[in-house]
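Chemist: Dumping the structure here so I can ask a few things about it.
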Amino acid sequence: MPHPAVRLVELRETPLDLAEVTAALDDDASGGLTLFVGRVRDHDGGKSVTGLDYSAHPSALDRLVQVCDRVAEEYDVQGVAAVHRTGTLAIGDLAVVVATTAAHRGDAFAASRALIDTLKAEVPIWKHQRFGDGTEEWVGAP
């Protein structure tokens, strides 16, 4: 069972909604909410990006829950949320949203930074980028 502070953890093919994430973390004990939004950018490594696809290993959701639980245990937070897209995304689409709430901003900032950094390092979600010159690249794949 997830830590009680973990309020929203999902992988989905549908667009991400910032209002959903902030609503999931709404509570009167939190003086600070720190939100990180990762978007699809139009360039990478000096090349023009035209779009990308995210693929998730079958264990990715369980791993994401574990990461959220760990952040909830290690930081003084009231709420933790993480939602990541899969499937085909266009330039400007939201790829990942993570957020934490805490009584004080410092705890929320530190927890959100740890959440996104650990998610990127440990959750098996892979990015397949398509470039303007017709080449492509897998990022984060084993």
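By convention in this document, the chains of the structure tokens carry letters A, B, ... by their order, each chain's residues are numbered from 1, and ligands are numbered from 1 in the order they are shown.
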What residues in region 27-124 of chain A get the DSSP label strand (DSSP E or B)? Please answer as an MDAnalysis selection string.
Modeler: chainID A and resid 32:39 43:44 47:56 79:85 87:89 94:102
Chemist: Please provide as a PyMOL selection string all residues within 9 Å of Leu18 (chain A), with the sequence filter that same-chain residues fewer than 5 positions apart are discarded (counting only C-alpha atoms).
Modeler: chain A and resi 23+35+37+97
Chemist: Give one line per residue of region 78-139 of chain A that approaches region 55-62 of chain A to at most 6 Å, naming the two atoms of the closest pair and their distance in Å to one decimal, counting only C-alpha atoms; sort by chain then ascending residue number and deliver it as JSON lines.
Modeler:
{"residue": "A:Thr86", "atom": "CA", "partner": "A:Ser55", "partner_atom": "CA", "distance": 5.7}
{"residue": "A:Val123", "atom": "CA", "partner": "A:Ala60", "partner_atom": "CA", "distance": 5.6}
{"residue": "A:Pro124", "atom": "CA", "partner": "A:Ala60", "partner_atom": "CA", "distance": 5.3}
{"residue": "A:Ile125", "atom": "CA", "partner": "A:Ala56", "partner_atom": "CA", "distance": 4.4}
{"residue": "A:Trp126", "atom": "CA", "partner": "A:Ser55", "partner_atom": "CA", "distance": 5.2}
Chemist: Residues within 8 Å of Arg12 (chain A), please, as a ChimeraX atom specification. Count only C-alpha atoms; anything in the same chain fewer than 5 positions from it doesn't count.
Modeler: /A:83-86
Chemist: Kindly save the residues from that selection, with N, CA, C and O atoms included, as a JSON list (two decimals), in the first residue's frame.
Modeler:
[["chain", "number", "residue", "atom", "x", "y", "z"],
["A", 83, "VAL", "N", 2.70, 12.05, -12.74],
["A", 83, "VAL", "CA", 1.95, 11.54, -13.88],
["A", 83, "VAL", "C", 2.86, 11.67, -15.11],
["A", 83, "VAL", "O", 3.44, 12.73, -15.34],
["A", 84, "HIS", "N", 2.99, 10.59, -15.88],
["A", 84, "HIS", "CA", 3.86, 10.59, -17.06],
["A", 84, "HIS", "C", 3.08, 10.10, -18.26],
["A", 84, "HIS", "O", 2.31, 9.14, -18.17],
["A", 85, "ARG", "N", 3.30, 10.75, -19.40],
["A", 85, "ARG", "CA", 2.67, 10.34, -20.65],
["A", 85, "ARG", "C", 3.39, 9.15, -21.26],
["A", 85, "ARG", "O", 4.59, 8.97, -21.09],
["A", 86, "THR", "N", 2.65, 8.38, -22.03],
["A", 86, "THR", "CA", 3.19, 7.39, -22.92],
["A", 86, "THR", "C", 2.54, 7.62, -24.28],
["A", 86, "THR", "O", 1.59, 8.39, -24.40]]
Chemist: Quick one: residues within 7 Å of Ala5 (chain A), only C-alpha atoms, excluding same-chain residues fewer than 2 positions away - as a PyMOL selection string?
Modeler: chain A and resi 3+7+72+78-80
Chemist: Write the residues you've just listed into a file as a CSV table (one decimal), in the first residue's frame, and include C-alpha atoms for each of them.
Modeler:
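Result went into out-v3.csv, see below:
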chain,number,residue,atom,x,y,z
A,3,HIS,CA,2.5,6.0,1.6
A,7,ARG,CA,-2.1,11.0,-3.9
A,72,ALA,CA,7.2,10.7,0.8
A,78,GLN,CA,1.9,16.2,2.9
A,79,GLY,CA,1.4,15.2,-0.7
A,80,VAL,CA,3.2,13.6,-3.7
Chemist: Just want the 12 Å neighbourhood of Thr34 (chain A), counted on only C-alpha atoms, with same-chain residues fewer than 6 positions away dropped. Output as number ranges by chain.
Modeler: A: 18, 21-22, 25, 77-82, 97-116
Chemist: Which neighbours of Lys127 (chain A) fall inside 12 Å, counting only C-alpha atoms, when residues of the same chain fewer than 5 positions from it are skipped, and could you give them as JSON, numbers by chain?
Modeler: {"A": [40, 51, 52, 53, 54, 55, 56, 57, 84, 85, 86, 87, 88, 89, 95, 120, 136, 137, 138, 139, 140, 141, 142]}
Chemist: Rounded to one decimal place, report the CA of Gly132 (chain A)-CA of Leu94 (chain A) distance in Å.
Modeler: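 CA of Leu94 (chain A) lies at a distance of 20.3 Å from CA of Gly132 (chain A).
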Chemist: Would you kindly return, as an MDAnalysis selection string, each protein, DNA or RNA residue with an atom no farther than 8 Å from any atom of Thr50 (chain A), considering only C-alpha atoms and excluding same-chain residues fewer than 5 positions away?
Modeler: chainID A and resid 42 90:91 129:132
Chemist: Please extract the residues of region 37-114 of chain A with a backbone DSSP assignment of helix (DSSP H, G or I) and present them as a VMD selection string.
Modeler: chain A and resid 60 to 74 105 to 114
Chemist: Got time to write the residues from that selection, N, CA and C atoms, as a PDB file, in the first residue's frame?
Modeler:
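The new file result_16.pdb reads:
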ATOM      1  N   ALA A  60       6.918  -0.216 -15.075  1.00  0.00           N
ATOM      2  CA  ALA A  60       7.143   1.222 -14.882  1.00  0.00           C
ATOM      3  C   ALA A  60       6.206   1.834 -13.844  1.00  0.00           C
ATOM      4  N   LEU A  61       4.940   1.484 -13.870  1.00  0.00           N
ATOM      5  CA  LEU A  61       4.015   2.076 -12.900  1.00  0.00           C
ATOM      6  C   LEU A  61       4.373   1.664 -11.480  1.00  0.00           C
ATOM      7  N   ASP A  62       4.681   0.387 -11.268  1.00  0.00           N
ATOM      8  CA  ASP A  62       5.100  -0.060  -9.933  1.00  0.00           C
ATOM      9  C   ASP A  62       6.360   0.671  -9.490  1.00  0.00           C
ATOM     10  N   ARG A  63       7.293   0.853 -10.395  1.00  0.00           N
ATOM     11  CA  ARG A  63       8.538   1.567 -10.051  1.00  0.00           C
ATOM     12  C   ARG A  63       8.252   3.027  -9.723  1.00  0.00           C
ATOM     13  N   LEU A  64       7.326   3.632 -10.445  1.00  0.00           N
ATOM     14  CA  LEU A  64       6.960   5.020 -10.179  1.00  0.00           C
ATOM     15  C   LEU A  64       6.318   5.152  -8.801  1.00  0.00           C
ATOM     16  N   VAL A  65       5.461   4.218  -8.449  1.00  0.00           N
ATOM     17  CA  VAL A  65       4.860   4.214  -7.105  1.00  0.00           C
ATOM     18  C   VAL A  65       5.956   4.097  -6.044  1.00  0.00           C
ATOM     19  N   GLN A  66       6.925   3.218  -6.279  1.00  0.00           N
ATOM     20  CA  GLN A  66       8.026   3.054  -5.319  1.00  0.00           C
ATOM     21  C   GLN A  66       8.821   4.346  -5.155  1.00  0.00           C
ATOM     22  N   VAL A  67       9.085   5.034  -6.248  1.00  0.00           N
ATOM     23  CA  VAL A  67       9.816   6.303  -6.192  1.00  0.00           C
ATOM     24  C   VAL A  67       9.014   7.327  -5.386  1.00  0.00           C
ATOM     25  N   CYS A  68       7.723   7.414  -5.649  1.00  0.00           N
ATOM     26  CA  CYS A  68       6.872   8.361  -4.914  1.00  0.00           C
ATOM     27  C   CYS A  68       6.840   8.023  -3.426  1.00  0.00           C
ATOM     28  N   ASP A  69       6.734   6.733  -3.110  1.00  0.00           N
ATOM     29  CA  ASP A  69       6.752   6.303  -1.708  1.00  0.00           C
ATOM     30  C   ASP A  69       8.053   6.718  -1.026  1.00  0.00           C
ATOM     31  N   ARG A  70       9.165   6.524  -1.716  1.00  0.00           N
ATOM     32  CA  ARG A  70      10.463   6.854  -1.139  1.00  0.00           C
ATOM     33  C   ARG A  70      10.585   8.355  -0.865  1.00  0.00           C
ATOM     34  N   VAL A  71      10.121   9.169  -1.802  1.00  0.00           N
ATOM     35  CA  VAL A  71      10.152  10.619  -1.603  1.00  0.00           C
ATOM     36  C   VAL A  71       9.262  10.999  -0.423  1.00  0.00           C
ATOM     37  N   ALA A  72       8.090  10.378  -0.315  1.00  0.00           N
ATOM     38  CA  ALA A  72       7.186  10.667   0.801  1.00  0.00           C
ATOM     39  C   ALA A  72       7.807  10.283   2.144  1.00  0.00           C
ATOM     40  N   GLU A  73       8.597   9.214   2.148  1.00  0.00           N
ATOM     41  CA  GLU A  73       9.261   8.776   3.382  1.00  0.00           C
ATOM     42  C   GLU A  73      10.443   9.669   3.758  1.00  0.00           C
ATOM     43  N   GLU A  74      11.179  10.121   2.747  1.00  0.00           N
ATOM     44  CA  GLU A  74      12.437  10.832   2.989  1.00  0.00           C
ATOM     45  C   GLU A  74      12.280  12.334   3.209  1.00  0.00           C
ATOM     46  N   ARG A 105       8.011  25.851   1.903  1.00  0.00           N
ATOM     47  CA  ARG A 105       8.452  25.776   0.508  1.00  0.00           C
ATOM     48  C   ARG A 105       9.739  24.994   0.322  1.00  0.00           C
ATOM     49  N   GLY A 106      10.680  25.133   1.248  1.00  0.00           N
ATOM     50  CA  GLY A 106      11.964  24.450   1.097  1.00  0.00           C
ATOM     51  C   GLY A 106      11.794  22.948   0.988  1.00  0.00           C
ATOM     52  N   ASP A 107      10.931  22.378   1.828  1.00  0.00           N
ATOM     53  CA  ASP A 107      10.669  20.940   1.775  1.00  0.00           C
ATOM     54  C   ASP A 107      10.002  20.553   0.460  1.00  0.00           C
ATOM     55  N   ALA A 108       9.054  21.376  -0.006  1.00  0.00           N
ATOM     56  CA  ALA A 108       8.370  21.083  -1.269  1.00  0.00           C
ATOM     57  C   ALA A 108       9.344  21.148  -2.445  1.00  0.00           C
ATOM     58  N   PHE A 109      10.205  22.164  -2.480  1.00  0.00           N
ATOM     59  CA  PHE A 109      11.182  22.264  -3.561  1.00  0.00           C
ATOM     60  C   PHE A 109      12.130  21.065  -3.557  1.00  0.00           C
ATOM     61  N   ALA A 110      12.672  20.734  -2.394  1.00  0.00           N
ATOM     62  CA  ALA A 110      13.628  19.621  -2.311  1.00  0.00           C
ATOM     63  C   ALA A 110      12.976  18.298  -2.705  1.00  0.00           C
ATOM     64  N   ALA A 111      11.758  18.072  -2.252  1.00  0.00           N
ATOM     65  CA  ALA A 111      11.073  16.813  -2.555  1.00  0.00           C
ATOM     66  C   ALA A 111      10.734  16.713  -4.043  1.00  0.00           C
ATOM     67  N   SER A 112      10.284  17.804  -4.642  1.00  0.00           N
ATOM     68  CA  SER A 112       9.951  17.764  -6.071  1.00  0.00           C
ATOM     69  C   SER A 112      11.192  17.540  -6.915  1.00  0.00           C
ATOM     70  N   ARG A 113      12.307  18.152  -6.537  1.00  0.00           N
ATOM     71  CA  ARG A 113      13.561  17.936  -7.265  1.00  0.00           C
ATOM     72  C   ARG A 113      13.984  16.474  -7.171  1.00  0.00           C
ATOM     73  N   ALA A 114      13.912  15.913  -5.970  1.00  0.00           N
ATOM     74  CA  ALA A 114      14.261  14.501  -5.787  1.00  0.00           C
ATOM     75  C   ALA A 114      13.308  13.606  -6.582  1.00  0.00           C
TER      76      ALA A 114
END
Chemist: When you draw a straight line from CA of Val9 (chain A) to CA of Val96 (chain A), how long is it in Å?
Modeler: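 A separation of 11.1 Å between them.
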Chemist: Counting only C-alpha atoms, which residue out of A:Gly31, A:Pro2, A:Gly46, A:Pro15 sits closest to Gly92 (chain A)?
Modeler: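 Nearest candidate to Gly92 (chain A) out of A:Gly31, A:Pro2, A:Gly46, A:Pro15: A:Pro15.
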